[in-house]
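Structure data follow from work-v3.csv (CSV, C-alpha atoms):
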```
chain,number,residue,atom,x,y,z
A,1423,MET,CA,137.7,102.0,106.5
A,1424,SER,CA,139.9,103.8,109.0
A,1425,ASP,CA,142.7,101.3,108.8
A,1426,SER,CA,143.0,101.7,105.1
A,1427,THR,CA,144.7,105.0,105.7
A,1428,ALA,CA,147.2,103.5,108.1
A,1429,ILE,CA,150.8,104.0,107.3
A,1430,ALA,CA,152.3,100.9,105.8
A,1431,GLN,CA,155.9,101.6,106.6
A,1432,THR,CA,156.3,99.1,109.4
A,1433,PRO,CA,158.2,96.1,108.2
A,1434,HIS,CA,156.0,93.0,107.9
A,1435,GLY,CA,157.9,90.1,106.5
A,1436,THR,CA,160.0,90.8,103.5
A,1437,HIS,CA,157.6,92.8,101.3
A,1438,GLU,CA,155.9,96.1,100.9
A,1439,HIS,CA,152.3,96.6,99.7
A,1440,PRO,CA,149.7,99.3,99.3
A,1441,PRO,CA,148.5,100.7,102.6
A,1442,TYR,CA,144.9,99.4,101.9
A,1443,GLN,CA,146.0,95.8,101.5
A,1444,ARG,CA,145.0,93.8,104.5
A,1445,HIS,CA,147.7,91.6,106.0
A,1446,HIS,CA,145.9,88.4,105.6
A,1447,PHE,CA,145.9,88.7,101.8
A,1448,GLU,CA,148.8,87.6,99.7
A,1449,SER,CA,148.2,90.3,97.0
A,1450,MET,CA,145.7,93.0,96.0
A,1451,ASP,CA,144.4,90.8,93.3
A,1452,GLN,CA,143.5,88.2,96.0
A,1453,GLN,CA,141.9,90.8,98.2
A,1454,VAL,CA,139.8,92.3,95.4
A,1455,ASP,CA,138.7,88.8,94.3
A,1456,ALA,CA,137.8,87.7,97.9
A,1457,THR,CA,135.8,90.9,98.7
A,1458,GLY,CA,133.9,90.7,95.4
A,1459,PHE,CA,133.1,87.0,96.0
A,1460,ALA,CA,131.9,87.9,99.5
A,1461,MET,CA,129.7,90.6,98.1
A,1462,TRP,CA,128.1,88.2,95.6
A,1463,LEU,CA,127.5,85.6,98.3
A,1464,PHE,CA,125.6,88.3,100.3
A,1465,LEU,CA,123.6,89.2,97.2
A,1466,LEU,CA,122.7,85.5,96.8
A,1467,THR,CA,121.1,85.5,100.2
A,1468,GLU,CA,119.2,88.6,99.1
A,1469,ILE,CA,118.0,86.8,96.0
A,1470,MET,CA,116.7,83.9,98.0
A,1471,PHE,CA,115.0,86.4,100.5
A,1472,PHE,CA,113.2,88.3,97.7
A,1473,GLY,CA,112.7,85.0,95.9
A,1474,GLY,CA,110.6,83.8,98.7
A,1475,LEU,CA,108.4,86.9,98.5
A,1476,PHE,CA,108.1,86.5,94.7
A,1477,THR,CA,107.1,82.8,95.1
A,1478,ALA,CA,104.4,83.7,97.7
A,1479,TYR,CA,103.1,86.3,95.4
A,1480,LEU,CA,102.9,84.0,92.4
A,1481,ILE,CA,101.2,81.2,94.4
A,1482,TYR,CA,98.5,83.5,95.9
A,1483,ARG,CA,98.0,85.3,92.5
A,1484,ASN,CA,97.2,81.8,91.1
A,1485,TRP,CA,94.8,81.0,93.9
A,1486,TYR,CA,92.9,84.3,94.3
A,1487,PHE,CA,93.3,85.5,90.7
A,1488,PRO,CA,90.2,87.8,90.5
A,1489,ALA,CA,91.2,89.5,93.8
A,1490,PHE,CA,94.8,90.1,92.6
A,1491,VAL,CA,93.6,91.5,89.4
A,1492,ALA,CA,91.2,93.9,91.2
A,1493,GLY,CA,94.0,94.8,93.7
A,1494,SER,CA,96.5,95.5,90.9
A,1495,HIS,CA,94.1,97.9,89.2
A,1496,GLN,CA,94.5,100.2,92.3
A,1497,LEU,CA,98.1,100.8,91.4
A,1498,ASN,CA,98.9,103.8,89.2
A,1499,ILE,CA,101.0,102.7,86.2
A,1500,PHE,CA,102.2,106.3,85.6
A,1501,TRP,CA,103.9,106.5,89.0
A,1502,GLY,CA,105.2,102.9,88.6
A,1503,SER,CA,106.7,103.7,85.2
A,1504,LEU,CA,108.2,107.0,86.4
A,1505,ASN,CA,109.8,105.2,89.4
A,1506,THR,CA,111.3,102.6,87.0
A,1507,LEU,CA,112.9,105.4,85.0
A,1508,VAL,CA,114.2,107.1,88.2
A,1509,LEU,CA,115.7,103.9,89.5
A,1510,ILE,CA,117.3,102.8,86.2
A,1511,SER,CA,118.8,106.4,85.9
A,1512,SER,CA,120.2,106.0,89.4
A,1513,SER,CA,121.8,102.7,88.4
A,1514,PHE,CA,123.3,104.4,85.4
A,1515,THR,CA,124.8,107.3,87.5
A,1516,MET,CA,126.1,104.6,90.0
A,1517,ALA,CA,127.8,102.7,87.2
A,1518,MET,CA,129.3,106.0,86.0
A,1519,GLY,CA,130.4,106.6,89.6
A,1520,VAL,CA,132.3,103.3,89.6
A,1521,TRP,CA,134.0,104.3,86.3
A,1522,CYS,CA,134.9,107.7,87.8
A,1523,ALA,CA,136.5,106.0,90.8
A,1524,GLU,CA,138.4,103.7,88.4
A,1525,MET,CA,139.6,106.7,86.4
A,1526,ARG,CA,140.4,108.6,89.7
A,1527,LYS,CA,138.1,111.5,88.8
A,1528,GLN,CA,137.3,112.8,92.2
A,1529,GLY,CA,134.9,115.7,91.2
A,1530,ALA,CA,133.0,113.5,88.7
A,1531,LEU,CA,132.7,110.7,91.3
A,1532,VAL,CA,131.2,113.0,93.9
A,1533,LEU,CA,128.8,114.3,91.2
A,1534,CYS,CA,127.7,110.8,90.3
A,1535,LEU,CA,127.2,109.8,93.9
A,1536,VAL,CA,125.2,112.9,94.6
A,1537,LEU,CA,123.0,112.3,91.5
A,1538,THR,CA,122.5,108.7,92.6
A,1539,PHE,CA,121.6,109.9,96.1
A,1540,ILE,CA,119.0,112.4,94.7
A,1541,LEU,CA,117.4,109.9,92.4
A,1542,GLY,CA,117.2,107.4,95.3
A,1543,ILE,CA,115.4,110.1,97.3
A,1544,GLY,CA,113.1,110.8,94.3
A,1545,PHE,CA,112.2,107.1,94.1
A,1546,LEU,CA,111.2,107.1,97.8
A,1547,GLY,CA,109.2,110.3,97.3
A,1548,ILE,CA,107.1,108.9,94.5
A,1549,LYS,CA,106.6,105.7,96.6
A,1550,THR,CA,105.4,107.9,99.4
A,1551,ILE,CA,102.8,109.5,97.1
A,1552,GLU,CA,101.6,106.0,96.2
A,1553,TYR,CA,101.5,104.8,99.8
A,1554,LYS,CA,99.6,107.8,100.9
A,1555,GLU,CA,96.8,107.0,98.5
A,1556,LYS,CA,96.6,103.5,99.8
A,1557,PHE,CA,96.2,104.9,103.4
A,1558,GLU,CA,93.6,107.3,102.3
A,1559,LYS,CA,91.5,104.6,100.5
A,1560,HIS,CA,91.9,102.1,103.4
A,1561,HIS,CA,93.9,99.7,101.3
A,1562,VAL,CA,96.5,99.1,103.9
A,1563,PRO,CA,96.0,95.5,105.3
A,1564,GLY,CA,95.2,95.4,109.0
A,1565,LEU,CA,94.4,99.1,109.3
A,1566,HIS,CA,90.6,99.3,108.8
A,1567,PHE,CA,91.0,97.6,105.4
A,1568,SER,CA,88.1,98.4,103.2
A,1569,VAL,CA,86.8,96.2,100.4
A,1570,LYS,CA,84.4,98.8,99.1
A,1571,SER,CA,86.4,99.4,95.8
A,1572,PHE,CA,86.1,95.6,95.1
A,1573,VAL,CA,82.6,94.7,96.0
A,1574,ASP,CA,81.3,98.0,94.5
A,1575,PRO,CA,83.8,99.1,91.8
A,1576,ALA,CA,81.4,101.7,90.5
A,1577,SER,CA,82.0,103.7,93.7
A,1578,ASP,CA,85.7,104.1,92.9
A,1579,PRO,CA,86.3,106.6,90.1
A,1580,ASP,CA,90.1,105.7,90.0
A,1581,ILE,CA,89.3,102.3,88.4
A,1582,ALA,CA,86.5,103.3,86.1
A,1583,GLN,CA,88.8,102.7,83.1
A,1584,TYR,CA,89.0,98.9,83.9
A,1585,HIS,CA,85.2,98.3,84.1
A,1586,ASP,CA,85.8,95.8,86.9
A,1587,LYS,CA,82.9,93.5,87.8
A,1588,PRO,CA,81.9,93.5,91.5
A,1589,LEU,CA,83.7,90.7,93.4
A,1590,ARG,CA,81.8,88.5,95.9
A,1591,LEU,CA,82.7,89.4,99.5
A,1592,ASP,CA,84.7,86.2,100.1
A,1593,MET,CA,86.9,86.9,97.0
A,1594,ALA,CA,87.0,90.6,97.7
A,1595,ARG,CA,88.5,90.0,101.1
A,1596,HIS,CA,91.5,88.3,99.5
A,1597,THR,CA,92.5,91.7,98.0
A,1598,GLU,CA,93.9,92.3,101.5
A,1599,LEU,CA,96.4,89.6,100.8
A,1600,TYR,CA,97.4,91.3,97.5
A,1601,PHE,CA,98.0,94.6,99.4
A,1602,PHE,CA,99.9,92.7,102.2
A,1603,LEU,CA,102.3,91.3,99.6
A,1604,TYR,CA,102.4,94.7,97.8
A,1605,PHE,CA,103.5,96.4,101.0
A,1606,ALA,CA,105.8,93.6,102.0
A,1607,MET,CA,107.6,93.5,98.7
A,1608,THR,CA,107.8,97.2,97.9
A,1609,GLY,CA,108.4,98.0,101.6
A,1610,MET,CA,111.4,95.6,101.8
A,1611,HIS,CA,112.6,97.1,98.5
A,1612,ALA,CA,112.2,100.6,99.9
A,1613,LEU,CA,114.1,99.6,103.1
A,1614,HIS,CA,117.0,98.4,100.9
A,1615,MET,CA,116.8,101.8,99.2
A,1616,ILE,CA,116.9,103.7,102.5
A,1617,ILE,CA,119.9,101.7,103.7
A,1618,GLY,CA,121.6,102.3,100.3
A,1619,ILE,CA,120.9,106.0,100.5
A,1620,GLY,CA,122.4,106.2,104.0
A,1621,ILE,CA,125.6,104.5,102.7
A,1622,LEU,CA,125.6,106.8,99.7
A,1623,GLY,CA,125.6,109.8,102.1
A,1624,PHE,CA,128.6,108.3,103.9
A,1625,MET,CA,130.3,107.7,100.6
A,1626,ILE,CA,129.8,111.3,99.4
A,1627,PHE,CA,131.7,112.6,102.4
A,1628,ARG,CA,134.4,110.0,102.0
A,1629,ALA,CA,134.7,110.7,98.2
A,1630,ARG,CA,135.0,114.4,98.9
A,1631,ALA,CA,138.0,113.6,101.1
A,1632,GLY,CA,139.5,111.7,98.2
A,1633,ALA,CA,139.0,108.2,99.7
A,1634,TYR,CA,138.0,106.4,96.5
A,1635,THR,CA,140.2,108.0,93.9
A,1636,THR,CA,143.5,106.5,95.0
A,1637,GLY,CA,143.3,103.2,93.1
A,1638,HIS,CA,141.4,101.4,95.9
A,1639,ILE,CA,137.8,101.3,94.8
A,1640,THR,CA,136.5,98.1,96.4
A,1641,PHE,CA,133.9,100.0,98.5
A,1642,VAL,CA,132.5,101.9,95.6
A,1643,GLU,CA,132.5,98.8,93.4
A,1644,ASN,CA,130.7,96.6,95.9
A,1645,PHE,CA,128.2,99.3,96.8
A,1646,GLY,CA,127.5,99.5,93.1
A,1647,LEU,CA,126.7,95.8,93.1
A,1648,TYR,CA,124.3,96.4,95.9
A,1649,TRP,CA,122.6,99.3,94.2
A,1650,HIS,CA,122.2,97.5,90.9
A,1651,PHE,CA,120.8,94.5,92.8
A,1652,VAL,CA,118.1,96.7,94.3
A,1653,ASP,CA,117.4,98.0,90.8
A,1654,ILE,CA,117.0,94.4,89.6
A,1655,ILE,CA,114.4,93.7,92.3
A,1656,TRP,CA,112.4,96.6,91.1
A,1657,ILE,CA,112.7,95.5,87.5
A,1658,PHE,CA,110.7,92.4,88.5
A,1659,LEU,CA,108.4,94.1,91.0
A,1660,PHE,CA,107.2,96.6,88.5
A,1661,PRO,CA,105.7,94.1,85.9
A,1662,LEU,CA,104.5,91.7,88.6
A,1663,LEU,CA,102.6,94.2,90.7
A,1664,TYR,CA,101.6,96.9,88.1
A,1665,LEU,CA,101.5,95.4,84.6
A,1666,ILE,CA,100.6,91.8,84.3
A,1667,SER,CA,97.1,92.0,85.7
A,1668,ARG,CA,95.8,95.0,83.8
A,1669,HIS,CA,93.4,92.9,81.6
A,1670,GLY,CA,92.8,90.0,84.1
B,94,MET,CA,154.2,80.5,91.2
B,95,SER,CA,157.9,80.1,92.0
B,96,GLU,CA,159.7,81.7,94.8
B,97,HIS,CA,161.7,83.9,92.5
B,98,GLN,CA,158.6,85.3,90.7
B,99,GLU,CA,156.9,85.9,94.0
B,100,GLN,CA,159.8,87.9,95.2
B,101,HIS,CA,159.9,89.9,92.0
B,102,GLU,CA,156.2,90.7,92.2
B,103,HIS,CA,156.4,91.9,95.8
B,104,HIS,CA,159.2,94.3,95.0
B,105,GLU,CA,157.3,96.2,92.4
B,106,PRO,CA,156.9,99.9,93.3
B,107,ASP,CA,154.3,100.7,95.9
B,108,ASN,CA,152.3,103.2,93.9
B,109,ARG,CA,151.5,100.9,90.9
B,110,ASP,CA,147.9,100.7,89.9
B,111,VAL,CA,146.8,97.5,91.5
B,112,HIS,CA,143.9,97.2,89.1
B,113,ASP,CA,145.9,97.3,86.0
B,114,THR,CA,146.5,93.6,85.9
B,115,ASP,CA,143.0,92.1,86.3
B,116,PHE,CA,140.6,94.9,86.3
B,117,HIS,CA,138.6,95.5,83.2
B,118,VAL,CA,137.4,99.1,83.1
B,119,VAL,CA,134.0,99.2,81.3
B,120,SER,CA,133.8,102.4,79.2
B,121,PRO,CA,131.0,105.0,79.6
B,122,VAL,CA,129.9,104.3,76.1
B,123,THR,CA,128.9,100.8,77.2
B,124,TYR,CA,127.1,102.2,80.2
B,125,ILE,CA,125.2,104.7,78.0
B,126,ILE,CA,124.2,101.9,75.5
B,127,VAL,CA,123.0,99.7,78.4
B,128,PHE,CA,121.1,102.6,79.9
B,129,SER,CA,119.4,103.3,76.6
B,130,VAL,CA,118.5,99.6,76.2
B,131,LEU,CA,117.0,99.6,79.7
B,132,LEU,CA,114.9,102.7,79.0
B,133,VAL,CA,113.6,101.3,75.6
B,134,LEU,CA,112.7,98.0,77.2
B,135,THR,CA,110.8,99.8,80.0
B,136,GLY,CA,108.8,101.6,77.3
B,137,VAL,CA,108.2,98.3,75.5
B,138,THR,CA,107.0,96.5,78.6
B,139,VAL,CA,104.6,99.3,79.5
B,140,LEU,CA,103.3,99.5,75.9
B,141,ALA,CA,102.8,95.7,75.7
B,142,SER,CA,100.7,95.8,78.9
B,143,LEU,CA,98.2,98.1,77.1
B,144,PHE,CA,97.1,95.3,74.8
B,145,ASP,CA,95.0,92.4,76.0
B,146,LEU,CA,97.1,89.4,75.1
B,147,ASN,CA,95.6,87.0,77.6
B,148,ALA,CA,98.3,84.6,78.9
B,149,TRP,CA,100.9,86.3,76.9
B,150,ASN,CA,100.8,89.5,79.0
B,151,PRO,CA,102.7,88.0,82.0
B,152,ILE,CA,105.0,86.0,79.7
B,153,ILE,CA,106.1,89.0,77.7
B,154,ALA,CA,106.4,91.2,80.8
B,155,LEU,CA,108.5,88.7,82.7
B,156,PHE,CA,110.6,87.9,79.6
B,157,ILE,CA,111.4,91.6,79.2
B,158,ALA,CA,112.2,91.9,82.9
B,159,CYS,CA,114.6,88.9,82.6
B,160,VAL,CA,116.3,90.6,79.6
B,161,LYS,CA,116.7,93.8,81.6
B,162,ALA,CA,118.0,92.0,84.7
B,163,THR,CA,120.5,90.1,82.6
B,164,THR,CA,121.7,93.3,81.0
B,165,VAL,CA,122.2,94.9,84.4
B,166,VAL,CA,124.0,91.9,85.8
B,167,LEU,CA,126.3,91.5,82.8
B,168,PHE,CA,127.3,95.2,82.3
B,169,PHE,CA,126.4,97.4,85.2
B,170,MET,CA,127.5,94.6,87.6
B,171,HIS,CA,130.5,93.7,85.4
B,172,VAL,CA,129.9,90.0,85.5
B,173,LYS,CA,130.7,89.7,81.8
B,174,TYR,CA,134.2,90.9,82.6
B,175,SER,CA,134.5,89.1,86.0
B,176,SER,CA,136.4,86.1,87.1
B,177,ARG,CA,135.1,82.6,86.6
B,178,LEU,CA,134.5,82.4,90.3
B,179,THR,CA,132.1,85.3,90.2
B,180,LYS,CA,130.3,83.9,87.1
B,181,LEU,CA,130.0,80.5,88.9
B,182,THR,CA,128.6,82.3,92.0
B,183,VAL,CA,126.0,84.2,90.0
B,184,GLY,CA,125.1,81.0,88.2
B,185,ALA,CA,124.8,79.1,91.4
B,186,GLY,CA,122.5,81.7,92.8
B,187,LEU,CA,120.3,81.7,89.8
B,188,PHE,CA,120.1,77.9,89.8
B,189,THR,CA,119.1,77.8,93.5
B,190,PHE,CA,116.5,80.5,92.9
B,191,LEU,CA,115.1,78.5,90.0
B,192,ILE,CA,114.8,75.4,92.2
B,193,LEU,CA,112.9,77.5,94.8
B,194,ILE,CA,110.5,78.9,92.2
B,195,GLY,CA,110.3,75.9,89.9
B,196,MET,CA,109.7,73.1,92.4
B,197,THR,CA,107.3,75.1,94.5
B,198,MET,CA,105.3,76.1,91.5
B,199,SER,CA,105.3,72.6,90.0
B,200,ASP,CA,103.7,71.5,93.3
B,201,TYR,CA,101.0,74.2,93.6
B,202,PHE,CA,100.1,74.3,90.0
B,203,THR,CA,99.6,70.6,89.7
B,204,ARG,CA,97.6,69.9,92.8
B,205,ALA,CA,94.2,70.0,91.1
B,206,TRP,CA,95.3,68.1,88.0
B,207,GLY,CA,92.8,65.5,87.0
B,208,ARG,CA,90.1,66.7,89.4
B,209,TRP,CA,88.1,68.7,86.9
```
Would you mind giving the structure from this file in structure tokens?
Amino acid sequence: MSDSTAIAQTPHGTHEHPPYQRHHFESMDQQVDATGFAMWLFLLTEIMFFGGLFTAYLIYRNWYFPAFVAGSHQLNIFWGSLNTLVLISSSFTMAMGVWCAEMRKQGALVLCLVLTFILGIGFLGIKTIEYKEKFEKHHVPGLHFSVKSFVDPASDPDIAQYHDKPLRLDMARHTELYFFLYFAMTGMHALHMIIGIGILGFMIFRARAGAYTTGHITFVENFGLYWHFVDIIWIFLFPLLYLISRHG
Amino acid sequence: MSEHQEQHEHHEPDNRDVHDTDFHVVSPVTYIIVFSVLLVLTGVTVLASLFDLNAWNPIIALFIACVKATTVVLFFMHVKYSSRLTKLTVGAGLFTFLILIGMTMSDYFTRAWGRW
């Protein structure tokens, strides 16, 4: 970032170029294309990473279907839906942020980034409420995991609406696998959110200093790609974890 | 590109908007429409999960998720307006992901075939 503000008055070859154009690129078009391509390549590795988790989830759901249905009933669809709305809204404010950068509207860009930042924090806050409940009910794998809600569903008022039948102990123990995948997938997603929120904080300071409203928006554009990608992961996590097993 | 054209391009004024040539600015109207579509589809997928449709529940939920993801990729992530290289990259990623899911699933889901 720092060298993008360097003065480009020194003669290099026979041409002049914008101060933010790196010397190894022929033109700004080439630089924009190359960085966009690189960002997409990074996102492909992320797709394969989360793809492995999704695949594992689908295989184990197929194998231990009753346990995964019972585990899924422990999730609160209200919180899940609300978080989906929060995350989609944050994607919208981020997309508007990219537009503001393109239009060189500094104040509006800062506002969009701050809104995205707040919505991201809000998502993590709701996730914390959900995680806290899992800890309280001993539904965190490896930490005194309890199968009480699954061998004796009548003892758990939270799932009364589903009228679950008691699972045999060997099947009930596989709910731990459901919660392992739940925490692995939502946890990795939350980690991506935390990293994104950190970068957003950095960008808010840079945007206030006018860094992205000079015509050079690569950083905002590519961060937008990352943020939307995290949104897409949640778009798939929400139905897979919360919705598709309601009726089992 | 000939030497002459190249020279000409490099001597354009320094302060030109570098994105004017190849950068498609997506209007806020598009973003608002996409945002609304995503909100409606979220409502539809939650609503659909309330009904017991047996095997159709996951199919409907995942279909709606795919539509939402495609909308985000095309408009929020500008792939609809991007270069062929970007489109090819996204397509290659999707293709590789489908191999991962498809071939793994076709193994696991067919292991017990003919044994019942």
request  = Just give me the gap between CA of Pro1575 (chain A) and CA of Val139 (chain B) in Å, one decimal is fine.
outcome  = 24.2 Å
ask   = Residues of chain A within 6 Å of chain B, using only C-alpha atoms, as a ChimeraX atom specification?
value = /A:1437,1439-1440,1466,1477,1517,1647,1654,1657-1658,1661,1665-1666,1669
inquiry  = List as a list in words the protein and nucleic acid residues near region 1557-1560 of chain A, meaning an atom at most 10 Å away when all atoms listed in the file are counted, but skip any in the same chain fewer than 5 places from it.
reply    = Gln1496, Glu1552, Leu1565, His1566, Phe1567, Ser1568, Val1569, Lys1570, Ser1571 and Asp1578 of chain A
query = What separation in Å, quoted to one decimal, exists between CA of Gln1453 (chain A) and CA of Phe1627 (chain A)?
reply = 24.4 Å
Separation of CA of Phe188 (chain B) from CA of His1650 (chain A), in Å and rounded to one decimal = 19.7 Å
task = Using all atoms listed in the file, pick whichever of A:Ile1655, A:Leu1546, A:Ala1594, A:Val1642 has the shortest atom-to-atom distance to Ile1617 (chain A).
result = A:Leu1546
Nearest candidate to Phe1514 (chain A) (options A:Tyr1486, A:Ile1499, A:His1611, A:Leu1535; using all atoms listed in the file) = A:Leu1535
ask   = So which residues touch Glu1524 (chain A) within 8 Å, counting all atoms listed in the file, skipping near sequence neighbours fewer than 6 positions away, as a ChimeraX atom specification?
value = /A:1635,1637,1639 /B:118
request  = Fewer than 4 positions away in the same chain doesn't count, so skip those; otherwise give me all residues within 10 Å of Arg1526 (chain A), counting all atoms listed in the file, as a list in words.
outcome  =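 The neighbour list is Val1520, Trp1521, Cys1522, Ala1530, Leu1531, Gly1632, Tyr1634, Thr1635, Thr1636, Gly1637, His1638 and Ile1639 of chain A.
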request  = Please provide the set of residues having any atom within 9 Å of Ile1548 (chain A), restricted to all atoms listed in the file, with same-chain residues fewer than 4 positions apart removed, written as a ChimeraX atom specification.
outcome  = /A:1501-1502,1504-1505,1543-1544,1552-1553
ask   = Which neighbours of Arg1630 (chain A) fall inside 8 Å, counting only C-alpha atoms, when residues of the same chain fewer than 3 positions from it are skipped, and could you give them as number ranges by chain?
value = A: 1528-1529, 1532, 1626-1627, 1633
ask   = Which of these residues is nearest to Thr123 (chain B), using only C-alpha atoms: A:Leu1603, A:Leu1463, A:Met1518, A:Met1615?
value =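 Nearest to Thr123 (chain B): A:Met1518.
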Would you mind putting back all heavy atoms on region 166-173 of chain B, then writing it out as a PDB file, in the coordinates of the input?
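Saved as rebuild_11.pdb:
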```pdb
ATOM      1  N   VAL B 166     123.041  92.769  85.151  1.00  0.00           N
ATOM      2  CA  VAL B 166     124.000  91.900  85.800  1.00  0.00           C
ATOM      3  C   VAL B 166     125.310  91.832  84.947  1.00  0.00           C
ATOM      4  O   VAL B 166     126.422  91.934  85.476  1.00  0.00           O
ATOM      5  CB  VAL B 166     123.442  90.473  85.986  1.00  0.00           C
ATOM      6  CG1 VAL B 166     124.531  89.482  86.346  1.00  0.00           C
ATOM      7  CG2 VAL B 166     122.377  90.494  87.072  1.00  0.00           C
ATOM      8  N   LEU B 167     125.162  91.691  83.630  1.00  0.00           N
ATOM      9  CA  LEU B 167     126.300  91.500  82.800  1.00  0.00           C
ATOM     10  C   LEU B 167     127.187  92.769  82.687  1.00  0.00           C
ATOM     11  O   LEU B 167     128.417  92.701  82.727  1.00  0.00           O
ATOM     12  CB  LEU B 167     125.925  91.061  81.380  1.00  0.00           C
ATOM     13  CG  LEU B 167     125.447  89.615  81.241  1.00  0.00           C
ATOM     14  CD1 LEU B 167     125.091  89.314  79.800  1.00  0.00           C
ATOM     15  CD2 LEU B 167     126.500  88.639  81.736  1.00  0.00           C
ATOM     16  N   PHE B 168     126.540  93.949  82.554  1.00  0.00           N
ATOM     17  CA  PHE B 168     127.300  95.200  82.300  1.00  0.00           C
ATOM     18  C   PHE B 168     127.452  96.089  83.454  1.00  0.00           C
ATOM     19  O   PHE B 168     128.555  96.420  83.850  1.00  0.00           O
ATOM     20  CB  PHE B 168     126.682  95.885  81.056  1.00  0.00           C
ATOM     21  CG  PHE B 168     126.735  95.051  79.810  1.00  0.00           C
ATOM     22  CD1 PHE B 168     125.624  94.343  79.393  1.00  0.00           C
ATOM     23  CD2 PHE B 168     127.908  94.945  79.089  1.00  0.00           C
ATOM     24  CE1 PHE B 168     125.675  93.555  78.254  1.00  0.00           C
ATOM     25  CE2 PHE B 168     127.980  94.158  77.944  1.00  0.00           C
ATOM     26  CZ  PHE B 168     126.854  93.466  77.533  1.00  0.00           C
ATOM     27  N   PHE B 169     126.316  96.504  84.060  1.00  0.00           N
ATOM     28  CA  PHE B 169     126.400  97.400  85.200  1.00  0.00           C
ATOM     29  C   PHE B 169     127.161  96.672  86.372  1.00  0.00           C
ATOM     30  O   PHE B 169     127.918  97.291  87.120  1.00  0.00           O
ATOM     31  CB  PHE B 169     125.040  97.817  85.716  1.00  0.00           C
ATOM     32  CG  PHE B 169     124.462  98.981  84.938  1.00  0.00           C
ATOM     33  CD1 PHE B 169     123.198  99.460  85.225  1.00  0.00           C
ATOM     34  CD2 PHE B 169     125.183  99.608  83.936  1.00  0.00           C
ATOM     35  CE1 PHE B 169     122.660 100.527  84.526  1.00  0.00           C
ATOM     36  CE2 PHE B 169     124.658 100.674  83.229  1.00  0.00           C
ATOM     37  CZ  PHE B 169     123.381 101.132  83.529  1.00  0.00           C
ATOM     38  N   MET B 170     126.918  95.374  86.518  1.00  0.00           N
ATOM     39  CA  MET B 170     127.500  94.600  87.600  1.00  0.00           C
ATOM     40  C   MET B 170     128.806  93.902  87.168  1.00  0.00           C
ATOM     41  O   MET B 170     129.381  93.125  87.938  1.00  0.00           O
ATOM     42  CB  MET B 170     126.540  93.665  88.242  1.00  0.00           C
ATOM     43  CG  MET B 170     125.329  94.376  88.837  1.00  0.00           C
ATOM     44  SD  MET B 170     124.041  93.260  89.399  1.00  0.00           S
ATOM     45  CE  MET B 170     124.478  93.057  91.114  1.00  0.00           C
ATOM     46  N   HIS B 171     129.228  94.152  85.923  1.00  0.00           N
ATOM     47  CA  HIS B 171     130.500  93.700  85.400  1.00  0.00           C
ATOM     48  C   HIS B 171     130.726  92.198  85.369  1.00  0.00           C
ATOM     49  O   HIS B 171     131.864  91.740  85.269  1.00  0.00           O
ATOM     50  CB  HIS B 171     131.681  94.305  86.265  1.00  0.00           C
ATOM     51  CG  HIS B 171     131.660  95.790  86.350  1.00  0.00           C
ATOM     52  ND1 HIS B 171     132.265  96.490  87.374  1.00  0.00           N
ATOM     53  CD2 HIS B 171     131.091  96.728  85.560  1.00  0.00           C
ATOM     54  CE1 HIS B 171     132.073  97.788  87.215  1.00  0.00           C
ATOM     55  NE2 HIS B 171     131.349  97.958  86.107  1.00  0.00           N
ATOM     56  N   VAL B 172     129.650  91.419  85.451  1.00  0.00           N
ATOM     57  CA  VAL B 172     129.900  90.000  85.500  1.00  0.00           C
ATOM     58  C   VAL B 172     130.465  89.464  84.180  1.00  0.00           C
ATOM     59  O   VAL B 172     131.272  88.538  84.173  1.00  0.00           O
ATOM     60  CB  VAL B 172     128.522  89.243  85.795  1.00  0.00           C
ATOM     61  CG1 VAL B 172     128.632  87.752  85.550  1.00  0.00           C
ATOM     62  CG2 VAL B 172     128.132  89.502  87.245  1.00  0.00           C
ATOM     63  N   LYS B 173     130.122  90.116  83.065  1.00  0.00           N
ATOM     64  CA  LYS B 173     130.700  89.700  81.800  1.00  0.00           C
ATOM     65  C   LYS B 173     132.219  89.776  81.811  1.00  0.00           C
ATOM     66  O   LYS B 173     132.891  88.989  81.155  1.00  0.00           O
ATOM     67  CB  LYS B 173     130.156  90.636  80.674  1.00  0.00           C
ATOM     68  CG  LYS B 173     130.563  90.251  79.259  1.00  0.00           C
ATOM     69  CD  LYS B 173     129.856  91.125  78.235  1.00  0.00           C
ATOM     70  CE  LYS B 173     130.097  90.654  76.815  1.00  0.00           C
ATOM     71  NZ  LYS B 173     131.463  90.867  76.362  1.00  0.00           N
TER      72      LYS B 173
END
```
